[in-house]
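**Q** Got a structure for you, written out below as structure tokens; questions coming shortly.
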Amino acid sequence: MNLKKHVLGILLAIAVPVCATAQNVTVKGQVKDDAGEPLALVSIAEPGTTNGTVTDLDGNYSISVASNGTLQFSFMGYTTVTEQVNGRTTINVTLSEDAELLDEIVVIGYGVQKKSDLTGAVASVRAEALKNISTTDAAAALQGKVSGINVLTNGAPGQGAKIRVRGYSTNATRSEEIDPLYIVDGLQVSSIQYLDPSMIESMEILKDAASAAIYGAQAGNGVVLITTKSGSEGQATITYSGKATHQSYPKNPMMNREEFLKYKRMELGDNKVATDLGNFDYSHPLYANGVIDTDWMDAYMEPTWSQQHSLSVSGGNKQGHYFTSLNMVNNNGVVKGDKDVYKRLTAQINADYNIKKWFQVGSNMSIEKWSTSSVSQQSYTSSFEQMLTMDPLTPVYWTDVNQMPNDFRSRYDKVMAGDPNTPVYRFLGDENGWFANTLYEESEGTALAKRDIAEQNTNGGFNINGTLYANLMPIQGLTITTRLGYRISQSVSHSYQSPYYVGGRGSSDNYSISATANTGYYYQWENFANYNFSVGSNNFGIMAGMSYREDNSDNVGGNASAAPGVDLLPSYNENFLFLSKVLAGATKGISNLPTKSASLAYFGRLSYNYDNRYNFQANFRADAFDASKLPEYNRWGYFPSFSAGWTISNESFFKDNLDPSIFNFLKVRASWGQNGNISVLRDYPYAATISIGNSWYQYGVDQLGTTYGSAPSGLPNSNLRWETSEQLDLGLDARFLDNRLTLGIDYYNKQTKDLLFSVSVPPELGVSSTMANGGNVLNTGLEFELGWRDRIGGFTYSVDANFSTLHNEVLALAEGAAPQYKTDASSTNYEIRTAFEVGYPIWYLNGYVYEGVAEEDIYWTNPADNSQVLMFKKGDAILQDKNNDGQIGTDDMQFIGQGTPTFTYGVNINLAWKGFDFTVQGSGIGGNSILPVITRPGYRNTFKYFLENSRSEDNPNGTLPNPANVTGDYKYWSSTANLFKGDFFRFKQIQLGYTIPNKITKKAAISDLRFYASLDDFFTITSYPGLDPETASTNNTTGVGLDWGSYPTMKKFILGVNLTF
Amino acid sequence: MKKIFVPAILALGLFAVSCEDKLDIPQKGVTSTIEYYSSDAEAASALTNMYAQYIENVCGTEGIDNPEQVILNYAADDVLAAGSGFTDHDAFRIFDEFQYDEASATLQQAYQRYYYSIYHANLVISNFTNENRNNLAPKYTSAYTDSCVAEARVMRAYLHMMTALIWNQPPLMDRIYEGDEFPTNNKTQSEILDWVISECETAISSGRLLKRNGPNDKNSTARMTVGFAQFIAGKAAMFNNNPEKARKHLGDLIESQDYDLVPSNLYWTNFHVDGDGNCETIFEPNFINDPGMTGIAWARWSLPLMRDRWMVANVFNWRSKALNSTPNVSNTDGWGGGQIQEDFAQKFLAHDGNSPRRLATFLTEDEFLYQIPWPDSQYPNGTAAEMASDTLRGIKAGGMFGTGKYFKWKTMSFLNPPAILTGGAPAHADNVPQLGDNSNESNFWVARYAEALLLYAEACIGSPDAAKGLAALKAVQTRSGSGKISSELTFEAVMEEKQYELWFESCRFLDLVRWSKQGKVDLAAIYNTSGIHQHVPTVHDKLSEKDAQGNRLGTVHEFYVTYDAVPGNSDFVVGKHEYLPFPRDVRVANKNLKNVLGWAYLNGAAAE
């Protein structure tokens, strides 16, 4: 850690300009690069003092300095030059690009390492790459930045992004089970959503097993290491950055009234539609000519502005460093009203102090206060599903009681008349009227009604995350670290709902109220020592340590509800909506269940480098978790790894024979290691126990009185052991053309063995499944990173691109395990499933294969007697009869696609010229499929695509059958006819910035002032006919690829300012 | 520098820290299996668990309905799946239309729920007798544990009878199986039924089984009793073509005089809360609203909801969306599943007229329109002419799918039991307020005396006990209020009476299969040539329907029916559809399980 701090301090010191103070000689001059072009913003400092300045856009500077003083010229990416003043008043300097600085320091877990010495696959993202991005979520900031990482985002405010490192390889059903391990400044955290990207100095992703092995049992999904910023020596700097973000929503892919009616006539017939319109359509004053034609996206969403402010102060001297930052986010999403809001206030306080030359203490702490409220999405009858599927024939509002349907009207009249037998329903609406509901179908209400059903639904709390550490450096090269990491969290949620009526299917007669308070504390105590020493050209590094972690949580919840006709509270005014006010007649419930988990680990690393040419490293970790996962006799897991690197460019035959202006650097790496995965084990699956009192029965028919029963808690498996992934990684790093062109290539092969599986057992054994080890999942892929940076005159530019492939395949299931199917969309009646099966990617989409429209009647020939059975009538959708039995059934369901991508890529382009900077960033995925489960029979809207491609008189060559032939045919809708490419490329950011010349700003004591405008997530290239291919792909683990209607990624226009004093 | 070696050594000492004992975090709320099953209290706890598991599994809700109830009733010829249309309730509809396959989730639920319940009965038997894998002696026995074992034995026998009737040759689980064992299904249906009878006889003869203490003894109806053991033995014997054995056990049951038919005017209570534990009940798993349990948040949202068959009211109530307003007999949205088949309703009406039995089973057009309360209508208490033109009662434009001019009534969940049944007397609501309008507190229907009488009557045909059998038949006929009393005991009379008496009580389909094996009925004729799947009705109301110009088709309520055919092949395949296949996942998980008869072709099929 010490070395890391030191290096980061230097990096920051280089980057941070310092204000000038008066001295006795004024030195002027110009700073240029090797090509003779002036360099702006070069930092000029008088070492040992707080005196300094920066060059202007023409490379000129002026500074007062002691005539016998020293000036240090530094600029990111260039060698630092030190000049003695010796009474001179003009000093011109030429800075050369620094190849060594390309060789940054990376954090590797319980230590740091030079990138050139790395033997594993570690991706690193520095603070510069995280500047000025619109996301407030550290995980989302990684999107498109490095290879081998897929970042899944969702458009809703406060929805944390998820990182997938080299895909995933475990039979997990819960998203958190396949999250990587997150370590922030040495502290393990469950999410990095609290971290604003502006507070981050670097993010390292340990992709290969050898790098991750130092984290052993929890590293199976990769490791993300984050280092927050620290202060640098020199004058304190104050930095403010602020931005205002205008968010708007993407295109509407659904049908309007005319299109919708056309489609329904095809589906239901002209007569039926005419009759239904005769029954239900009416003239509405809020629509042109009285004809209702509702754009539900427009009705539900509106563009919004949100803000983000960040203020930081940092500084330091030889004794210590500090960095404090305050960051405020207030994001009110595009759903109308204030029901989708994320607010966050984060303070980061980092400090270290050198008490003695051999003793340093420090603390990193982050305090977060957050609150969020959200609207439903990605589920059956969620608000976003309703937004998509609601017909355009339904108005947004009923403006007159005569527009209400009978059932609604009669309740409305009764409530207005104060009928004592009718619950005091809320009839949802706003100043424009009551929220209308469709008359054509059963529906729980429009998106607006769904938004407002819960009157109060808040969730918020605070977290304090941090570490306290001490470094002891008794002899040269040895650092002994003891570090206490802690997390303290508190959160409270409240909800309240009173009776409401939207329609027969969307109503409640009850009052209900609930509140839950959660508290938690976590601590980890880690002690480790790093010892580095050299003997001649032999450089050794030894690290050994231990870690104990304990996580405690407790919660108390209460809820109350009142049956129809019974009062819950003495008053329903806002200041009465508390559990303490609940009346005696209400039904009350309470809950409390504290949890505790713990783990213990010993770990070590040996590294050896010979002459900067040969690197070897070995890691080892022994991990044990508490009894809830594995029994004492199987508790310990051992995770070794080995890796080696050969820096060929440091060999004399390379140096002697290759022109360094053409080929500068070449290294090859190989690593092998084992990681574990523990997250799918829980609840003592090995223990034969009886659950006491977990069931009850009443023997008396009339009398109350419950007798409790007890039974075995499951079918235990005493042989459970760790799930282990083994990964081989081969890599190559090269730089060409004076380091301007960089290339990184990695190949990996990861096999996850002894997969923890819920194995189906015959139900006659009393349970449906038991946990077992078995099965094998393969992940392989190639990763390329290519970068080019150069300057032409005053124009500097860089282009970085990355591309990764991901092949994922289940090689084997546990013995006795059947393929597993998940029918996440069963509530929609769709038959589509996801499956975990040998020979296919994890949780692939299992459905029917559509083979086109039947041009004539198609018969199946029964092989038994050659009889002909009519299978598809002319005009029907032909589905593949895979097992040739003359029937289309679940036996014919097969691989039709996968929800996870087979390749990901990203591009980052940076241009700078005379104070202007321009950035283009983009990322994309491909090879994945999306099956929307949106289309339903009857008067429900769907994508325009289906109108455009369905066969009709107007469109005799349509590739899809006439809707009449497939309405409600969930086999068809679960087939490739309804399967779309999920590929997309999104311009994450197009940003133009301008930095005001220093000679102007310094008059206001401002050392750096930059304005920028940015288009984030503004343009997307995709063929997906739905709302947003990105958020459609981020459903849970087993349902990935199913589009339910999700909060789309918002298009953002950002205006921002960065200010440094 | 030397002084720093002291803290350095201290720091190194930190590495020696071991916290392994901190990993021994005990599990909450459990105890070790090793010491358990060794006292009367623990036997009581195991027995309670058996009932709890049974009511939550076999009788509980699966998503939106109960697998046994939909499979056995939808497959009958006098029920239509109905709902909102041919794409509604697909998971159940397939059993009505014989379009299911081995992957059906409802099928799987049905199977595993029976066997989970059997397993929990076996926990009592295998732990308190030596009927376990290695014939180990139990840790503890007493007179009390013997009675628990007797109850578990009857429960296990009953469940095996059901699995044998549904799957023909399912595994016989006569003890707890351990994790490394795979059940086999090599016993024939007949052998299983023989075993069922013998188990019931063992329990009866043990003398440890509770006996009902007269028709007013309610509390013995919620658990296994001698009477239920006799009923199961008798029913199993009938299905095993052994009427003599059936006569013995059912005769004993009748002669015990512990059971009786409720009066005609209370027939309807058999299907609602007011009838729970009545004199006619032989066994019904008990669910009552105990605020002690339904009031606890976690409990409310888990177990009681399953027990009260949450959403069963939604599934079976009339389709609210098809109605012009809501009659206040029920307060929840209905989805209109499981309608009475039109031809059968017509026949029933012709036979029973306005008998209390028919009134409890379905309503006619007039009763539906004018004899139940429509409080939200224009004229809730209007004159005949006003009500006839009242646009806020009756059926909406678009019609009510799956329904002819007859409206099933027996399976509705009542919020306000209607006067047409109660005669105005006070009666309980079926739902539990804390669990919502769509809950149903009435006990799950398993065995009532009327079925025992009709089984006995059938068993007596052509036997020396024919007179007793006729008396049993007459008792049911008399009580029905139809006025049709048989003068002789014939198969046709019993069959017909049973269909009226026990509509939607999970009997008809199993009986049809049984009778077809005895050559008494022709399943192809009943299901296929009768065209019941080609004439699926939708009832419309002329007062509501408009033409394309927006003009109403009539000025007063008048129902008319249109028909559609089930899409796809809905034929009953003789030799196949009499029994269900084993669920695919169960077959794949158990190498010993083999399909039989018309499903045997699935054996060896890959798991896809």
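As shown in the structure tokens, the chain order sets the letters A, B, ...; within each chain, residues go from 1, and ligands are also counted from 1 in the order they appear.
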Find the spatial neighbours of range 459-461 of chain A, counting only C-alpha atoms, within a cut-off of 10 Å - ignore same-chain residues fewer than 3 positions away - and output them as a list in words.

**A**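 That gives Tyr342, Lys343, Arg344, Glu368, Lys369, Trp370, Ser371, Thr372, Ser373, Ser374, Gln456, Ser489, Gln490, Ser491, Val492, Ser493, His494, Ser495, Ala515, Thr516, Ala517, Asn518 and Thr519 of chain A.
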
**Q** With C-alpha atoms retained, could you export that selection as a CSV table (one decimal), in the first residue's frame?

**A**
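Heads up, here's the output in result_18.csv:
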```csv
chain,number,residue,atom,x,y,z
A,342,TYR,CA,-32.1,8.7,-6.6
A,343,LYS,CA,-30.4,11.1,-4.2
A,344,ARG,CA,-27.0,10.6,-2.8
A,368,GLU,CA,-22.9,8.0,2.1
A,369,LYS,CA,-26.4,9.1,2.6
A,370,TRP,CA,-28.9,7.9,0.0
A,371,SER,CA,-32.5,7.6,-0.7
A,372,THR,CA,-34.4,6.2,-3.6
A,373,SER,CA,-37.8,5.6,-4.9
A,374,SER,CA,-38.6,3.6,-8.0
A,456,GLN,CA,-45.6,6.1,0.1
A,489,SER,CA,-25.0,0.6,7.5
A,490,GLN,CA,-28.4,1.7,8.4
A,491,SER,CA,-31.4,1.8,6.2
A,492,VAL,CA,-35.1,2.3,6.7
A,493,SER,CA,-38.0,1.7,4.4
A,494,HIS,CA,-41.5,2.9,4.7
A,495,SER,CA,-44.6,2.1,2.7
A,515,ALA,CA,-41.7,-0.1,8.1
A,516,THR,CA,-38.4,-1.9,8.3
A,517,ALA,CA,-35.2,-0.8,9.8
A,518,ASN,CA,-32.0,-2.6,8.9
A,519,THR,CA,-28.7,-2.2,10.6
```

**Q** I'd like a table as CSV: residues in chain A with an atom no more than 7 Å from chain B, each row giving the shortest atom pair and its distance in Å to one decimal, only C-alpha atoms counted, sorted by chain and rising residue number.

**A**
```
residue,atom,partner,partner_atom,distance
A:Asn271,CA,B:Ala548,CA,6.8
A:Ala274,CA,B:Ala548,CA,5.0
A:Thr275,CA,B:Ala548,CA,4.6
A:Gly278,CA,B:Gly550,CA,4.5
A:Asn279,CA,B:Lys546,CA,6.6
A:Asn406,CA,B:Ser325,CA,6.7
A:Asp407,CA,B:Ser325,CA,5.7
A:Ser410,CA,B:Asp376,CA,6.2
A:Glu442,CA,B:Lys321,CA,6.6
A:Pro474,CA,B:Ile4,CA,6.0
A:Gly504,CA,B:Asp333,CA,5.8
A:Arg505,CA,B:Asp333,CA,6.3
A:Asn527,CA,B:Phe15,CA,6.4
A:Gly545,CA,B:Phe15,CA,6.4
A:Met546,CA,B:Phe15,CA,6.1
A:Ala563,CA,B:Pro433,CA,5.4
A:Thr587,CA,B:Gly295,CA,5.4
A:Lys588,CA,B:Gly295,CA,6.0
A:Gly589,CA,B:Ile296,CA,4.6
A:Ile590,CA,B:Ala297,CA,6.7
A:Ala598,CA,B:Leu23,CA,5.7
A:Ser599,CA,B:Leu23,CA,6.5
A:Leu600,CA,B:Glu20,CA,6.8
A:Phe625,CA,B:Leu23,CA,6.4
A:Asp626,CA,B:Leu23,CA,4.1
A:Ala627,CA,B:Asp24,CA,5.4
A:Ala688,CA,B:Thr33,CA,5.8
A:Thr689,CA,B:Ser32,CA,4.5
A:Ile690,CA,B:Thr31,CA,5.2
A:Ser691,CA,B:Val30,CA,4.5
A:Ile692,CA,B:Val30,CA,5.6
A:Ser695,CA,B:Asn49,CA,5.9
A:Trp696,CA,B:Ala52,CA,5.6
A:Tyr697,CA,B:Ala52,CA,5.3
A:Gln698,CA,B:Asn286,CA,6.5
A:Tyr699,CA,B:Ala222,CA,5.8
A:Gly700,CA,B:Asn219,CA,5.1
A:Val701,CA,B:Asn219,CA,5.5
A:Leu704,CA,B:Asp290,CA,5.8
A:Thr707,CA,B:Thr48,CA,6.7
A:Tyr708,CA,B:Ser45,CA,6.2
A:Gly709,CA,B:Asn49,CA,4.2
A:Ser710,CA,B:Ser45,CA,5.4
A:Ala711,CA,B:Ala46,CA,6.5
A:Ser760,CA,B:Ala589,CA,6.0
A:Val761,CA,B:Ala589,CA,5.7
A:Pro762,CA,B:Val586,CA,5.7
A:Pro763,CA,B:Gln112,CA,5.3
A:Glu764,CA,B:Tyr115,CA,5.0
A:Leu765,CA,B:Tyr177,CA,5.7
A:Gly766,CA,B:Tyr116,CA,4.7
A:Val767,CA,B:Tyr116,CA,6.8
A:Gly816,CA,B:Ala589,CA,6.3
A:Ala817,CA,B:Ala589,CA,6.6
A:Ala818,CA,B:Val588,CA,6.1
A:Pro819,CA,B:Ala607,CA,6.9
A:Thr890,CA,B:Ala103,CA,6.6
A:Asp891,CA,B:Glu608,CA,6.6
A:Gly968,CA,B:Thr87,CA,5.5
```

**Q** If you count only C-alpha atoms, which residues fall within 10 Å of His540 in chain B, apart from same-chain ones fewer than 3 positions away, as a PyMOL selection string?

**A** chain B and resi 322+394-401+403-405+537+543-545+557-562

**Q** Write out as number ranges by chain the residues lying within 8 Å of range 644-649 of chain A, counting only C-alpha atoms and excluding same-chain residues fewer than 5 positions away.

**A** A: 116-120, 612-617, 654-655, 664-671

**Q** Find the residues near range 279-283 of chain B: any atom within 10 Å, counting only C-alpha atoms, skip ones fewer than 2 places away on the same chain, and give them as number ranges by chain.

**A** B: 212, 214-218, 220-231, 253, 258-263, 267, 270, 275-277, 285-286, 443-452

**Q** Set the distance at 12 Å and use only C-alpha atoms: which residues neighbour Gly847 in chain A once local chain neighbours fewer than 2 positions away are removed? I'd like the list as an NGL selection string.

**A** (:A and (821-823 or 830-835 or 844-845 or 849-850 or 879-882 or 888-898 or 931 or 970-979 or 1042)) or (:B and (608))

**Q** In range 265-376 of chain B, what's strand (DSSP E or B) per DSSP? Answer as a PyMOL selection string?

**A** chain B and resi 281-283+323+337-340+362-363

**Q** With only C-alpha atoms as the counted atoms, please give the residues lying no more than 6 Å from range 218-230 of chain A, apart from itself and same-chain residues fewer than 6 positions off, as a list in words.

**A**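 Skipping anything fewer than 6 positions along the chain leaves Val165, Ile178, Pro180, Leu181, Tyr182, Ile183, Val184, Asp185, Met199, Ile200, Glu201, Ser202, Met203, Glu204, Ile205, Leu206, Lys207, Ala212, Tyr322, Phe323, Asn675, Gly676 and Asn677 of chain A.
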
**Q** Rank nothing, just name the residue among A:Thr49, A:Ser591, A:Gln751, A:Thr446 nearest to Val502 in chain A, using only C-alpha atoms.

**A**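 Selected residue with least distance to Val502 in chain A: A:Thr446.
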
**Q** Could you tell me how far CA of Asn532 in chain A lies from CA of Tyr610 in chain A, in Å and to one decimal?

**A**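 The value is 13.3 Å.
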